Amino acid sequence: MRSILNQIKRENQYLICLLSVSIVASLCLFTRDYLDHKIVGYLLLVVVSLLATFLDIFPVLLSAVLSALIMNFFFLQPYYTFHVSNAEDSLLLFLFFLIALINGVLTYRIRKAEKILQIKELRINTMKLYDSLLDSLSHELRTPISTIMGSIDTIQSKTLTISEENKQKLYSEIEKASLRLNHQVENLLNMSRLESGVIQPKMDWCDLKELVYNVLDSLKEDLHFHKIAVVADENLPLFKLDYGLMEQIIYNLVFNASQYTPKGAKIEIKVEYHADADFEYNPDKFMPCVITISDDGNGFPEAEIDKVFDKFYRLQNSKTGGTGLGLSIVKGFVEAQNGKITLKNKEEGGSAFKIYFPTLVMNTAAISNE
């Protein structure tokens with residue numbers, strides 16, 4: 001609410017002050033015979049204080065002056081004049097005006113100081129994120145670039161004789177390093193798209209089982225020492241989702257599991273269709289598509305589970321490297337399709353990411369009939 005009022009034009013702020021003080025004074029005027037004028041003073045002071053927390057200083061000063069004049073004219077005897085009959089009421093009016101003025105100014109200054117402090121904290125946090133990004137990118141981008149450059153230099157070297165087998169190995173290293181570099185650049189581009197809010201999902205019918213196998217094929221080098229299991233019903237229907245976003249979601253989750261689980265760990269991708277509900281396009285009521293990506297590794301520290309989807313966040317005891325962008329991108333892409341994602345540690349060990357989508361469904365049998 002504060003941010004909205006801060007954007008109000010100065011002329012409108014004066015109008016808000018006039019209306020606020022006038023409305024409160026009018027209500028008090030109807031009950032003047034039953035209310036002590038001191039209570040009216042307290043109410044008007046509250047109005048001035050509230051206005052000071054939202055508006056600029058000059059409209060607040062206007063409300064303080066207007067409140068004092070209204071207090072004198074309508075609530076101090078004799079009524080409907082600016083004459084004050086006794087010294088006690090004169091002192092009361094003076095103190096009311098002084099307190100309203102000081103209260104309004106101090107409240108405004110406190111708000112301004114808080115704003116300056118927030119800007120400083122934002123700058124500090126931005127610098128921390130910037131340093132974190134540079135630190136991670138200096139490793140994540142430099143390593144594959146160094147691998148590519150070193151392999152090319154070796155292949156092109158005129159002083160070394162390289163067998164065809166070794167050349168193929170170097171080509172393979174170049175390919176792996178290029179894919180790794182491309183993955184990091186994709187993450188940076190995707191995060192910039194999320195930050196700018198330009199992601200518009202292109203919903204179309206997706207065969208998630210086929211998509212999962214395509215992702216696994218692109219990650220076969222990273223999954224070489226892991227056991228992979230895909231669990232999906234043979235008659236799994238098509239789901240209306242964004243194929244490109246889904247590919248990135250599953251890729252990042254499986255890649256993350258491959259990097260942070262020990263060799264020999266099992267990674268399972270499970271795609272389920274829940275048809276046992278009346279269809280309502282409401283994420284809280286109907287989630288026909290559920291994707292689970294789990295492993296039997298070491299799991300996540302319980303104290304850090306709520307932070308793993310934060311941008312640039314990396315686990316305290318994680319290995320070096322990584323930008324901390326993968327899981328935050330996953331969350332952004334899931335929410336862009338009105339879905340939700342959860343992370344829990346399994347009782348038997350390891351972790352499980354569950355993704356829920358409120359999506360339309362098409363039975364594959366209907367397609368064959370067409």
# chains A, B, ... in the order shown; residues from 1 in each chain; ligands from 1

call {"tool": "residues_around", "arguments": {"residues": "stretch 220-236 of chain A", "least_positions_apart": "4", "cutoff": "8 Å", "atoms": "only C-alpha atoms", "output": "JSON, numbers by chain"}}
result
{"A": [176, 209, 216, 255, 258, 259, 263, 264, 265, 266, 267, 268, 269, 270, 271, 272, 273, 363, 364]}

call {"tool": "write_last_selection", "arguments": {"atoms": "N, CA and C atoms", "output": "PDB file, in the first residue's frame"}}
result
ATOM      1  N   LYS A 176      31.973 -32.213 -24.565  1.00  0.00           N
ATOM      2  CA  LYS A 176      31.449 -32.160 -23.199  1.00  0.00           C
ATOM      3  C   LYS A 176      31.612 -30.760 -22.609  1.00  0.00           C
ATOM      4  N   LYS A 209       6.948 -38.541 -21.543  1.00  0.00           N
ATOM      5  CA  LYS A 209       7.830 -39.707 -21.509  1.00  0.00           C
ATOM      6  C   LYS A 209       8.934 -39.559 -22.556  1.00  0.00           C
ATOM      7  N   LEU A 216      17.505 -37.303 -20.879  1.00  0.00           N
ATOM      8  CA  LEU A 216      18.483 -38.295 -20.395  1.00  0.00           C
ATOM      9  C   LEU A 216      19.556 -38.572 -21.446  1.00  0.00           C
ATOM     10  N   PHE A 255      20.320 -32.975 -13.884  1.00  0.00           N
ATOM     11  CA  PHE A 255      21.728 -32.566 -13.857  1.00  0.00           C
ATOM     12  C   PHE A 255      22.167 -32.262 -12.427  1.00  0.00           C
ATOM     13  N   SER A 258      22.720 -35.441 -10.639  1.00  0.00           N
ATOM     14  CA  SER A 258      23.945 -36.123 -11.075  1.00  0.00           C
ATOM     15  C   SER A 258      25.191 -35.500 -10.456  1.00  0.00           C
ATOM     16  N   GLN A 259      25.137 -34.201 -10.185  1.00  0.00           N
ATOM     17  CA  GLN A 259      26.306 -33.504  -9.656  1.00  0.00           C
ATOM     18  C   GLN A 259      26.446 -33.638  -8.139  1.00  0.00           C
ATOM     19  N   LYS A 263      28.678 -41.475  -6.847  1.00  0.00           N
ATOM     20  CA  LYS A 263      28.666 -42.436  -7.955  1.00  0.00           C
ATOM     21  C   LYS A 263      27.902 -43.691  -7.531  1.00  0.00           C
ATOM     22  N   GLY A 264      27.128 -44.217  -8.469  1.00  0.00           N
ATOM     23  CA  GLY A 264      26.339 -45.411  -8.175  1.00  0.00           C
ATOM     24  C   GLY A 264      24.976 -45.113  -7.607  1.00  0.00           C
ATOM     25  N   ALA A 265      24.686 -43.844  -7.313  1.00  0.00           N
ATOM     26  CA  ALA A 265      23.373 -43.479  -6.766  1.00  0.00           C
ATOM     27  C   ALA A 265      22.295 -43.656  -7.841  1.00  0.00           C
ATOM     28  N   LYS A 266      21.088 -43.899  -7.384  1.00  0.00           N
ATOM     29  CA  LYS A 266      19.965 -44.101  -8.299  1.00  0.00           C
ATOM     30  C   LYS A 266      19.178 -42.801  -8.435  1.00  0.00           C
ATOM     31  N   ILE A 267      18.879 -42.425  -9.671  1.00  0.00           N
ATOM     32  CA  ILE A 267      18.035 -41.259  -9.963  1.00  0.00           C
ATOM     33  C   ILE A 267      16.780 -41.767 -10.662  1.00  0.00           C
ATOM     34  N   GLU A 268      15.639 -41.449 -10.095  1.00  0.00           N
ATOM     35  CA  GLU A 268      14.364 -41.924 -10.651  1.00  0.00           C
ATOM     36  C   GLU A 268      13.519 -40.752 -11.114  1.00  0.00           C
ATOM     37  N   ILE A 269      13.014 -40.851 -12.343  1.00  0.00           N
ATOM     38  CA  ILE A 269      12.081 -39.852 -12.879  1.00  0.00           C
ATOM     39  C   ILE A 269      10.733 -40.530 -13.050  1.00  0.00           C
ATOM     40  N   LYS A 270       9.744 -40.025 -12.333  1.00  0.00           N
ATOM     41  CA  LYS A 270       8.410 -40.632 -12.348  1.00  0.00           C
ATOM     42  C   LYS A 270       7.385 -39.621 -12.843  1.00  0.00           C
ATOM     43  N   VAL A 271       6.605 -40.026 -13.855  1.00  0.00           N
ATOM     44  CA  VAL A 271       5.556 -39.158 -14.398  1.00  0.00           C
ATOM     45  C   VAL A 271       4.217 -39.824 -14.128  1.00  0.00           C
ATOM     46  N   GLU A 272       3.326 -39.106 -13.450  1.00  0.00           N
ATOM     47  CA  GLU A 272       2.021 -39.675 -13.068  1.00  0.00           C
ATOM     48  C   GLU A 272       0.875 -38.833 -13.606  1.00  0.00           C
ATOM     49  N   TYR A 273      -0.224 -39.521 -13.867  1.00  0.00           N
ATOM     50  CA  TYR A 273      -1.452 -38.844 -14.272  1.00  0.00           C
ATOM     51  C   TYR A 273      -2.529 -39.183 -13.251  1.00  0.00           C
ATOM     52  N   ASN A 363      -5.951 -37.890 -24.161  1.00  0.00           N
ATOM     53  CA  ASN A 363      -5.664 -39.307 -24.210  1.00  0.00           C
ATOM     54  C   ASN A 363      -5.034 -39.665 -25.553  1.00  0.00           C
ATOM     55  N   THR A 364      -3.950 -40.447 -25.517  1.00  0.00           N
ATOM     56  CA  THR A 364      -3.253 -40.793 -26.762  1.00  0.00           C
ATOM     57  C   THR A 364      -4.136 -41.657 -27.669  1.00  0.00           C
TER      58      THR A 364
END

call {"tool": "residues_around", "arguments": {"residues": "A:Lys112", "least_positions_apart": "3", "cutoff": "12 Å", "atoms": "only C-alpha atoms", "output": "MDAnalysis selection string"}}
result
chainID A and resid 6 52:57 105:109 115:119

call {"tool": "residues_around", "arguments": {"residues": "A:Glu335", "least_positions_apart": "4", "cutoff": "12 Å", "atoms": "only C-alpha atoms", "output": "mmCIF file with N, CA, C and O atoms, in the first residue's frame"}}
result
data_model
loop_
_atom_site.group_PDB
_atom_site.id
_atom_site.type_symbol
_atom_site.label_atom_id
_atom_site.label_comp_id
_atom_site.auth_asym_id
_atom_site.auth_seq_id
_atom_site.Cartn_x
_atom_site.Cartn_y
_atom_site.Cartn_z
ATOM 1 N N LEU A 194 13.528 -14.560 -16.633
ATOM 2 C CA LEU A 194 12.659 -14.599 -15.456
ATOM 3 C C LEU A 194 12.626 -13.250 -14.751
ATOM 4 O O LEU A 194 11.573 -12.780 -14.321
ATOM 5 N N GLY A 197 10.581 -10.748 -16.613
ATOM 6 C CA GLY A 197 9.169 -11.093 -16.712
ATOM 7 C C GLY A 197 8.664 -11.277 -18.127
ATOM 8 O O GLY A 197 7.482 -11.079 -18.401
ATOM 9 N N ILE A 199 8.800 -14.122 -19.887
ATOM 10 C CA ILE A 199 8.481 -15.505 -20.228
ATOM 11 C C ILE A 199 6.973 -15.655 -20.445
ATOM 12 O O ILE A 199 6.176 -15.381 -19.552
ATOM 13 N N GLN A 200 6.609 -16.065 -21.632
ATOM 14 C CA GLN A 200 5.213 -16.343 -21.967
ATOM 15 C C GLN A 200 5.149 -17.794 -22.439
ATOM 16 O O GLN A 200 5.535 -18.098 -23.564
ATOM 17 N N PRO A 201 4.685 -18.714 -21.596
ATOM 18 C CA PRO A 201 4.652 -20.134 -21.980
ATOM 19 C C PRO A 201 3.834 -20.366 -23.245
ATOM 20 O O PRO A 201 2.767 -19.784 -23.433
ATOM 21 N N LEU A 241 1.533 -28.416 -22.054
ATOM 22 C CA LEU A 241 2.567 -27.677 -21.346
ATOM 23 C C LEU A 241 3.509 -27.041 -22.365
ATOM 24 O O LEU A 241 3.392 -27.285 -23.566
ATOM 25 N N ASP A 242 4.447 -26.241 -21.873
ATOM 26 C CA ASP A 242 5.462 -25.654 -22.744
ATOM 27 C C ASP A 242 6.627 -26.635 -22.834
ATOM 28 O O ASP A 242 7.330 -26.880 -21.855
ATOM 29 N N LEU A 245 10.185 -25.178 -21.846
ATOM 30 C CA LEU A 245 10.333 -24.952 -20.411
ATOM 31 C C LEU A 245 10.424 -26.274 -19.650
ATOM 32 O O LEU A 245 11.227 -26.418 -18.715
ATOM 33 N N MET A 246 9.602 -27.250 -20.056
ATOM 34 C CA MET A 246 9.626 -28.557 -19.393
ATOM 35 C C MET A 246 10.984 -29.239 -19.585
ATOM 36 O O MET A 246 11.499 -29.894 -18.667
ATOM 37 N N ILE A 249 13.343 -27.643 -17.172
ATOM 38 C CA ILE A 249 13.018 -28.033 -15.796
ATOM 39 C C ILE A 249 13.608 -29.401 -15.475
ATOM 40 O O ILE A 249 14.328 -29.580 -14.479
ATOM 41 N N PRO A 283 -5.094 -24.656 -9.334
ATOM 42 C CA PRO A 283 -3.912 -25.344 -8.820
ATOM 43 C C PRO A 283 -4.104 -25.956 -7.441
ATOM 44 O O PRO A 283 -3.424 -26.911 -7.089
ATOM 45 N N SER A 328 16.544 -22.223 -8.935
ATOM 46 C CA SER A 328 15.694 -21.030 -8.982
ATOM 47 C C SER A 328 15.036 -20.891 -10.360
ATOM 48 O O SER A 328 13.892 -20.451 -10.474
ATOM 49 N N ILE A 329 15.753 -21.306 -11.409
ATOM 50 C CA ILE A 329 15.181 -21.300 -12.758
ATOM 51 C C ILE A 329 14.064 -22.335 -12.860
ATOM 52 O O ILE A 329 13.009 -22.079 -13.445
ATOM 53 N N VAL A 330 14.290 -23.503 -12.281
ATOM 54 C CA VAL A 330 13.263 -24.546 -12.268
ATOM 55 C C VAL A 330 11.984 -24.018 -11.637
ATOM 56 O O VAL A 330 10.887 -24.152 -12.190
ATOM 57 N N LYS A 331 12.106 -23.397 -10.477
ATOM 58 C CA LYS A 331 10.933 -22.856 -9.775
ATOM 59 C C LYS A 331 10.223 -21.803 -10.624
ATOM 60 O O LYS A 331 8.988 -21.796 -10.732
ATOM 61 N N GLY A 339 2.218 -24.037 -12.152
ATOM 62 C CA GLY A 339 2.483 -25.215 -11.343
ATOM 63 C C GLY A 339 3.128 -24.858 -10.019
ATOM 64 O O GLY A 339 3.323 -23.680 -9.690
ATOM 65 N N LYS A 340 3.466 -25.860 -9.254
ATOM 66 C CA LYS A 340 4.199 -25.643 -8.006
ATOM 67 C C LYS A 340 5.189 -26.787 -7.818
ATOM 68 O O LYS A 340 5.002 -27.899 -8.337
ATOM 69 N N ILE A 341 6.257 -26.510 -7.082
ATOM 70 C CA ILE A 341 7.309 -27.502 -6.869
ATOM 71 C C ILE A 341 7.629 -27.592 -5.383
ATOM 72 O O ILE A 341 7.629 -26.581 -4.679
ATOM 73 N N THR A 342 7.869 -28.808 -4.915
ATOM 74 C CA THR A 342 8.228 -29.024 -3.517
ATOM 75 C C THR A 342 9.483 -29.882 -3.446
ATOM 76 O O THR A 342 9.813 -30.619 -4.385
ATOM 77 N N ILE A 355 6.800 -32.009 -8.776
ATOM 78 C CA ILE A 355 6.265 -30.892 -9.549
ATOM 79 C C ILE A 355 4.819 -31.203 -9.919
ATOM 80 O O ILE A 355 4.514 -32.283 -10.424
ATOM 81 N N TYR A 356 3.933 -30.236 -9.665
ATOM 82 C CA TYR A 356 2.506 -30.404 -9.923
ATOM 83 C C TYR A 356 2.057 -29.379 -10.966
ATOM 84 O O TYR A 356 2.374 -28.193 -10.856
ATOM 85 N N PHE A 357 1.299 -29.852 -11.960
ATOM 86 C CA PHE A 357 0.786 -28.951 -12.998
ATOM 87 C C PHE A 357 -0.726 -29.106 -13.158
ATOM 88 O O PHE A 357 -1.226 -30.225 -13.331
ATOM 89 N N PRO A 358 -1.479 -27.987 -13.128
ATOM 90 C CA PRO A 358 -2.921 -28.031 -13.405
ATOM 91 C C PRO A 358 -3.148 -27.898 -14.905
ATOM 92 O O PRO A 358 -3.514 -26.838 -15.412
#

call {"tool": "select_by_dssp", "arguments": {"residues": "stretch 48-254 of chain A", "states": "strand (DSSP E or B)", "output": "PyMOL selection string"}}
result
chain A and resi 204-206+227-232+238-241

call {"tool": "write_last_selection", "arguments": {"atoms": "C-alpha atoms", "output": "compact mmCIF listing (two decimals), in the first residue's frame"}}
result
# COMPACT_ATOMS: atom_id res chain seq x y z
CA ASP A 204 1.07 -27.36 -26.64
CA TRP A 205 0.53 -31.10 -26.32
CA CYS A 206 3.65 -32.73 -24.83
CA LYS A 227 21.55 -45.76 -12.13
CA ILE A 228 18.62 -44.25 -14.01
CA ALA A 229 15.00 -45.35 -13.73
CA VAL A 230 12.03 -43.91 -15.61
CA VAL A 231 8.59 -44.77 -14.25
CA ALA A 232 5.63 -43.85 -16.46
CA LEU A 238 -0.41 -35.97 -23.51
CA PHE A 239 -0.26 -32.88 -21.29
CA LYS A 240 -0.68 -29.31 -22.49
CA LEU A 241 2.57 -27.68 -21.35

call {"tool": "closest_residue", "arguments": {"among": "A:Leu91, A:Leu325, A:Ala352, A:Met149", "to": "A:Ser294", "atoms": "only C-alpha atoms"}}
result
A:Ala352

call {"tool": "atom_distance", "arguments": {"atom1": "atom CA of A:Ile124", "atom2": "atom CA of A:Leu181"}}
result
29.1 Å

call {"tool": "closest_residue", "arguments": {"among": "A:Gly326, A:Pro78, A:Pro301, A:Pro237", "to": "A:Ala257", "atoms": "only C-alpha atoms"}}
result
A:Gly326

call {"tool": "closest_residue", "arguments": {"among": "A:Thr261, A:Val215, A:Thr292, A:Ala336", "to": "A:Gly350", "atoms": "only C-alpha atoms"}}
result
A:Thr261

call {"tool": "residues_around", "arguments": {"residues": "A:Ser22", "least_positions_apart": "5", "cutoff": "10 Å", "atoms": "only C-alpha atoms", "output": "ChimeraX atom specification"}}
result
/A:16-17,27-28,44,63,66-67,70

call {"tool": "select_by_dssp", "arguments": {"residues": "stretch 31-170 of chain A", "states": "helix (DSSP H, G or I)", "output": "PyMOL selection string"}}
result
chain A and resi 37-52+57-75+87-140+142-156+164-170

call {"tool": "atom_distance", "arguments": {"atom1": "atom CA of A:Asp207", "atom2": "atom CA of A:Met362"}}
result
10.1 Å
